[in-house]
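Working notes, structure below.
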Protein chains: 2
Amino acid sequence: MKTRKTLQLIILAFVLTIVSSCSSKVEKENTVSTEAETPKEVKDPLPSWQEGPTKEAIKSYVTNVTAKGSSNFIPVADRIGTFDNDGTLWSEQPAYFQLFFAISRIKALAPEHPEWKNKQPYKAVLENDMKALMASGEKGLLELVMASHAGMTAKEFEGIVKDWISKDIHPRFKKPFNTLIYQPMLELLDYLRANNFKTYIVSGGGVEFMRPWVQEAYGIPKDQVVGSSIKTEFVMEDGKAKIIRLPELDFIDDKAGKPVGINKFIGKKPVFSAGNSDGDLQMMQYGDSNKYPSFQLYVHHTDGEREWAYDRDSHIGQFDKGLDYATENGWTIIDMKKDWKVIYPFQLNETKN
Amino acid sequence: MKTRKTLQLIILAFVLTIVSSCSSKVEKENTVSTEAETPKEVKDPLPSWQEGPTKEAIKSYVTNVTAKGSSNFIPVADRIGTFDNDGTLWSEQPAYFQLFFAISRIKALAPEHPEWKNKQPYKAVLENDMKALMASGEKGLLELVMASHAGMTAKEFEGIVKDWISKDIHPRFKKPFNTLIYQPMLELLDYLRANNFKTYIVSGGGVEFMRPWVQEAYGIPKDQVVGSSIKTEFVMEDGKAKIIRLPELDFIDDKAGKPVGINKFIGKKPVFSAGNSDGDLQMMQYGDSNKYPSFQLYVHHTDGEREWAYDRDSHIGQFDKGLDYATENGWTIIDMKKDWKVIYPFQLNETKN
């Protein structure tokens, strides 16, 4: 059991990437945007959301806690929104996207490591043998993470991630991974920021894997990303300052690690938190304990046609305990198939045509 | 040597507090303040700084990197300023203020621990025997930290710190610790923010010791504080979400830990960094390696009359290697006695009277 759990954590300690279709968004923290100054009724802030109870619940909450004179008014400084990434802001099937990155990286490094041809878990990666890869277990996957994510400077790693995100494509959609972000969630992030919420990513994915692209993808700046990390070390080499990435886990930002990460990095409890799996439950329980009215939003993957359908039995993004807890506690659950008009930004044009 | 170094780290892992004299400052991140829109020549942004090369260097730098069309222009998103706290933003003598907090806390808890009367290092604290306290060494001080900083929820700890900062007074100045912040540095923080720099604290002090009061003191929000930390754990007790503080060190944000902390929490390299001791050297070397023109500012404690005078041989805030490196590399060094008209905000009125 421990091994399976740790394995899940390690797979989680993999994951994440970008979207270029919504370029140059700038986080409008603590400023009243022009959008917010126009009456909210005039323009639908969530045009990709179907009318219905989910959309209504979100809008009611935001209106209620931001209206001047409301008994539920939340001061701007306390409008903290925390968003899981994998399966909440972008897709996570058929495997966490960070795993695709790791595999790509191993293949790129293979010429320098001829011994990998006959050594697991590298052999499995090089032969695209996912079954053998998974059979390598916790130890094998951890070795893969370290071989692909450590041993270079932080700056070099950023360049490697940027290069990958600009080149690699998703096996099903044949598009860059950063185009597989959820249009309705982008609108939600914008809507919250227009109402002076400060939006953060709180993900099991690697923090330095996310930072190179999340500003462009989600309008979330680098210092508003909480994620899993490996240890690093500062060195001065020939008078040059460097941060070296070490092959050792530092922090796993998943499950009970999420509220710990939020407390460590943000220092405030969220009032709005969104996730899609059991790994997000504790973050949402933490938000639910806020002294202010809080909103917990779960993405339920119900759309096997346009995206993927999975929940209780999935190895990736398992949504079982969270589904029960959310239902019992009256949290809002997005039915992806019913609630979202489109899934990805590139479908906006397809819909119009 | 190891013991002494670790002991310094642990003492560092103590330190910090508030200032009420400059209330309700709000960080003006990424917004052009009205102040910035008026010509800078009209109003002196640094009125508590004596005219001279130090003040001139700061103003020249800021003007140079923010002027549109300047070849040294730094985009707003990359205007990151990192400030040490102890000895840089507030005083640190005769001992790190966080040590006063720990001692106060031990005394408050003593009635529940009658055994402390005969047990070091508690006995030393209860008898105000600093010599015996220091003699308890690394192990003793670590025990003291854990007894005073762990074993409660994060929320409870915040309340304890707030209570302490509002009540305890400094032995020399007979004023709350949060009034012993440096007026010239407050002006510098404001000046940088007015020029769209984002200001962070990067301190060896405890992050959860600082967060309760730094917004009010420095206008720096909770999520822009990087510091040392102990481990925490998330638990659900009777349906209530809690973060419990554990008696185990998590991260020491000092020396080479500072750039590591900056990379971990901020994800960007500073262009402006300020410190006062050897513990800040690596942070400033890291900033110095920025692709943009950077500014490194050292506070040299030269004013034994109005504050304290100490540097190379001090056990607290030792400034030896840093002083040499700064001199060799042409960094700006504040001569507190010569460069600052006043030290603390409460002296502003005294000066006027």
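Please note that chains go A, B, ... in the order of the structure tokens, that every chain numbers its residues from 1, and that ligands are numbered from 1 in the order shown.
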
Handout entry: range 102-116 of chain A surroundings by only C-alpha atoms, 10 Å radius, close-in-sequence under 6 positions cut, as a PyMOL selection string
Key = chain A and resi 14-15+122-128+141+144-149+160-161+164+168

Practice task
Could you please tell me, as a PyMOL selection string, which residues of chain B have an atom within 9 Å of chain A when using only C-alpha atoms?
Solution key: chain B and resi 27-31+77+154+207-208+211+221-226+229+231-236+239-243+256-260+263-268+282+285-289

Exercise for the section: Report the residues of range 267-337 of chain B whose backbone DSSP state falls under alpha helix (DSSP H), written as a ChimeraX atom specification. Expected result: /B:281-288,321-328,336-337

Exercise for the section: For range 273-279 of chain A, work out the shell of residues within 7 Å, counting only C-alpha atoms and skipping chain neighbours fewer than 3 positions away, then give it as a list in words. Expected result: Gly81, Thr82, Phe83, Asp84, Gly87, Thr88, Asp254, Lys255, Pro270, Met284, Gly287, Phe295, Gln296, Leu297, Tyr298, Val299, His300, Gly317, Gln318, Phe319, Asp320, Lys321 and Gly322 of chain A

Okay, now the selection with N, CA, C and O atoms, as a PDB file, in the first residue's frame?
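Listing of part23.pdb after writing:
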```
ATOM      1  N   GLY A  81      -7.524  32.522  -4.112  1.00  0.00           N
ATOM      2  CA  GLY A  81      -8.039  31.393  -4.876  1.00  0.00           C
ATOM      3  C   GLY A  81      -6.915  30.416  -5.190  1.00  0.00           C
ATOM      4  O   GLY A  81      -5.873  30.810  -5.697  1.00  0.00           O
ATOM      5  N   THR A  82      -7.120  29.139  -4.858  1.00  0.00           N
ATOM      6  CA  THR A  82      -6.083  28.131  -5.127  1.00  0.00           C
ATOM      7  C   THR A  82      -6.618  27.078  -6.092  1.00  0.00           C
ATOM      8  O   THR A  82      -7.685  26.511  -5.871  1.00  0.00           O
ATOM      9  N   PHE A  83      -5.872  26.823  -7.133  1.00  0.00           N
ATOM     10  CA  PHE A  83      -6.286  25.914  -8.197  1.00  0.00           C
ATOM     11  C   PHE A  83      -5.283  24.794  -8.390  1.00  0.00           C
ATOM     12  O   PHE A  83      -4.098  25.041  -8.625  1.00  0.00           O
ATOM     13  N   ASP A  84      -5.771  23.577  -8.301  1.00  0.00           N
ATOM     14  CA  ASP A  84      -4.992  22.444  -8.760  1.00  0.00           C
ATOM     15  C   ASP A  84      -4.747  22.625 -10.260  1.00  0.00           C
ATOM     16  O   ASP A  84      -5.499  23.341 -10.931  1.00  0.00           O
ATOM     17  N   GLY A  87      -5.803  18.099 -14.478  1.00  0.00           N
ATOM     18  CA  GLY A  87      -7.198  17.678 -14.443  1.00  0.00           C
ATOM     19  C   GLY A  87      -8.130  18.785 -13.969  1.00  0.00           C
ATOM     20  O   GLY A  87      -9.348  18.613 -13.985  1.00  0.00           O
ATOM     21  N   THR A  88      -7.563  19.906 -13.538  1.00  0.00           N
ATOM     22  CA  THR A  88      -8.384  21.035 -13.095  1.00  0.00           C
ATOM     23  C   THR A  88      -8.219  22.233 -14.032  1.00  0.00           C
ATOM     24  O   THR A  88      -9.188  22.894 -14.391  1.00  0.00           O
ATOM     25  N   ASP A 254       0.914  17.330  -2.492  1.00  0.00           N
ATOM     26  CA  ASP A 254      -0.293  16.582  -2.827  1.00  0.00           C
ATOM     27  C   ASP A 254      -0.983  16.135  -1.544  1.00  0.00           C
ATOM     28  O   ASP A 254      -0.360  16.004  -0.496  1.00  0.00           O
ATOM     29  N   LYS A 255      -2.290  15.928  -1.638  1.00  0.00           N
ATOM     30  CA  LYS A 255      -3.091  15.489  -0.489  1.00  0.00           C
ATOM     31  C   LYS A 255      -2.850  16.420   0.721  1.00  0.00           C
ATOM     32  O   LYS A 255      -3.022  17.624   0.605  1.00  0.00           O
ATOM     33  N   PRO A 270      -7.251  29.733   1.600  1.00  0.00           N
ATOM     34  CA  PRO A 270      -8.054  30.120   0.431  1.00  0.00           C
ATOM     35  C   PRO A 270      -9.528  30.293   0.785  1.00  0.00           C
ATOM     36  O   PRO A 270     -10.031  29.656   1.706  1.00  0.00           O
ATOM     37  N   MET A 284      -9.186  21.551  -0.108  1.00  0.00           N
ATOM     38  CA  MET A 284     -10.539  22.082  -0.103  1.00  0.00           C
ATOM     39  C   MET A 284     -11.152  22.043   1.302  1.00  0.00           C
ATOM     40  O   MET A 284     -11.907  22.934   1.686  1.00  0.00           O
ATOM     41  N   GLY A 287      -9.715  25.070   2.871  1.00  0.00           N
ATOM     42  CA  GLY A 287     -10.468  26.255   2.439  1.00  0.00           C
ATOM     43  C   GLY A 287     -11.836  26.334   3.094  1.00  0.00           C
ATOM     44  O   GLY A 287     -12.305  27.405   3.474  1.00  0.00           O
ATOM     45  N   PHE A 295     -15.734  28.775  -1.145  1.00  0.00           N
ATOM     46  CA  PHE A 295     -16.316  28.049  -2.269  1.00  0.00           C
ATOM     47  C   PHE A 295     -15.365  26.934  -2.666  1.00  0.00           C
ATOM     48  O   PHE A 295     -14.187  27.166  -2.926  1.00  0.00           O
ATOM     49  N   GLN A 296     -15.890  25.709  -2.696  1.00  0.00           N
ATOM     50  CA  GLN A 296     -15.093  24.562  -3.108  1.00  0.00           C
ATOM     51  C   GLN A 296     -15.663  24.022  -4.420  1.00  0.00           C
ATOM     52  O   GLN A 296     -16.859  23.729  -4.489  1.00  0.00           O
ATOM     53  N   LEU A 297     -14.807  23.931  -5.412  1.00  0.00           N
ATOM     54  CA  LEU A 297     -15.254  23.546  -6.746  1.00  0.00           C
ATOM     55  C   LEU A 297     -14.493  22.323  -7.251  1.00  0.00           C
ATOM     56  O   LEU A 297     -13.261  22.345  -7.365  1.00  0.00           O
ATOM     57  N   TYR A 298     -15.240  21.282  -7.544  1.00  0.00           N
ATOM     58  CA  TYR A 298     -14.615  20.066  -8.075  1.00  0.00           C
ATOM     59  C   TYR A 298     -14.952  19.908  -9.556  1.00  0.00           C
ATOM     60  O   TYR A 298     -16.114  20.057  -9.949  1.00  0.00           O
ATOM     61  N   VAL A 299     -13.933  19.615 -10.364  1.00  0.00           N
ATOM     62  CA  VAL A 299     -14.141  19.271 -11.768  1.00  0.00           C
ATOM     63  C   VAL A 299     -14.352  17.751 -11.848  1.00  0.00           C
ATOM     64  O   VAL A 299     -13.469  16.987 -11.439  1.00  0.00           O
ATOM     65  N   HIS A 300     -15.506  17.334 -12.342  1.00  0.00           N
ATOM     66  CA  HIS A 300     -15.772  15.905 -12.519  1.00  0.00           C
ATOM     67  C   HIS A 300     -15.648  15.575 -14.011  1.00  0.00           C
ATOM     68  O   HIS A 300     -16.369  16.136 -14.849  1.00  0.00           O
ATOM     69  N   GLY A 317      -5.720  10.862 -11.290  1.00  0.00           N
ATOM     70  CA  GLY A 317      -6.816  11.744 -10.896  1.00  0.00           C
ATOM     71  C   GLY A 317      -7.988  11.010 -10.264  1.00  0.00           C
ATOM     72  O   GLY A 317      -9.148  11.362 -10.504  1.00  0.00           O
ATOM     73  N   GLN A 318      -7.690  10.028  -9.441  1.00  0.00           N
ATOM     74  CA  GLN A 318      -8.770   9.289  -8.777  1.00  0.00           C
ATOM     75  C   GLN A 318      -9.673  10.240  -7.978  1.00  0.00           C
ATOM     76  O   GLN A 318      -9.195  11.071  -7.211  1.00  0.00           O
ATOM     77  N   PHE A 319     -10.985  10.095  -8.227  1.00  0.00           N
ATOM     78  CA  PHE A 319     -11.960  10.990  -7.598  1.00  0.00           C
ATOM     79  C   PHE A 319     -13.002  10.112  -6.921  1.00  0.00           C
ATOM     80  O   PHE A 319     -14.004   9.742  -7.516  1.00  0.00           O
ATOM     81  N   ASP A 320     -12.732   9.762  -5.693  1.00  0.00           N
ATOM     82  CA  ASP A 320     -13.566   8.798  -4.977  1.00  0.00           C
ATOM     83  C   ASP A 320     -13.973   9.374  -3.617  1.00  0.00           C
ATOM     84  O   ASP A 320     -15.109   9.805  -3.428  1.00  0.00           O
ATOM     85  N   LYS A 321     -13.028   9.437  -2.695  1.00  0.00           N
ATOM     86  CA  LYS A 321     -13.312  10.054  -1.397  1.00  0.00           C
ATOM     87  C   LYS A 321     -13.761  11.500  -1.576  1.00  0.00           C
ATOM     88  O   LYS A 321     -14.661  11.979  -0.885  1.00  0.00           O
ATOM     89  N   GLY A 322     -13.108  12.176  -2.494  1.00  0.00           N
ATOM     90  CA  GLY A 322     -13.440  13.579  -2.741  1.00  0.00           C
ATOM     91  C   GLY A 322     -14.857  13.735  -3.257  1.00  0.00           C
ATOM     92  O   GLY A 322     -15.561  14.681  -2.884  1.00  0.00           O
TER      93      GLY A 322
END
```

Problem - All residues 10 Å or closer to Thr66 in chain A, only C-alpha atoms, same chain fewer than 2 positions away omitted, as a list in words - result: Tyr61, Val62, Thr63, Asn64, Lys68, Gly69, Ser70, Ser71, Asn72, Phe73, Ile74, Pro75, Val76, Arg79, Asn195, Asn196 and Phe197 of chain A

Exercise for the section: Pick out the closest residue to Gly205 in chain A from this set: A:Leu281, A:Ile252, A:Leu46, A:Leu246. Count only C-alpha atoms. Expected result: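 Checking each candidate against Gly205 in chain A, we get A:Ile252 as the closest.
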
Neighbours of Pro184 in chain A within 9 Å (only C-alpha atoms; same-chain residues fewer than 6 positions away dropped), as a PDB file with C-alpha atoms, in the first residue's frame?
```pdb
ATOM      1  CA  LEU A  46     -18.279  32.876 -18.142  1.00  0.00           C
ATOM      2  CA  PRO A  47     -19.393  32.508 -21.768  1.00  0.00           C
ATOM      3  CA  SER A  48     -18.127  28.929 -22.145  1.00  0.00           C
ATOM      4  CA  TRP A  49     -20.226  27.736 -19.196  1.00  0.00           C
ATOM      5  CA  TRP A 340     -18.973  23.232 -20.311  1.00  0.00           C
ATOM      6  CA  LYS A 341     -19.839  24.407 -23.828  1.00  0.00           C
ATOM      7  CA  VAL A 342     -16.281  23.903 -24.975  1.00  0.00           C
ATOM      8  CA  ILE A 343     -13.298  22.202 -23.381  1.00  0.00           C
ATOM      9  CA  TYR A 344     -10.205  23.703 -24.989  1.00  0.00           C
ATOM     10  CA  PRO A 345      -9.537  27.203 -26.335  1.00  0.00           C
TER      11      PRO A 345
END
```

Exercise for the section: From a DSSP pass on the backbone, collect the residues of range 148-241 of chain B flagged as strand (DSSP E) and hand them back as a list in words. Expected result: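 Filtering range 148-241 of chain B to strand (DSSP E) leaves Lys198, Thr199, Tyr200, Ile201, Val202, Ser203, Gly204, Gly205, Gly206, Val225, Val226, Gly227, Ser228, Ser229, Ile230, Lys231, Thr232, Glu233, Phe234, Val235, Met236, Glu237, Lys240 and Ala241 of chain B.
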
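CA of Ala194 in chain A sits 15.0 Å away from CA of Ser60 in chain A.
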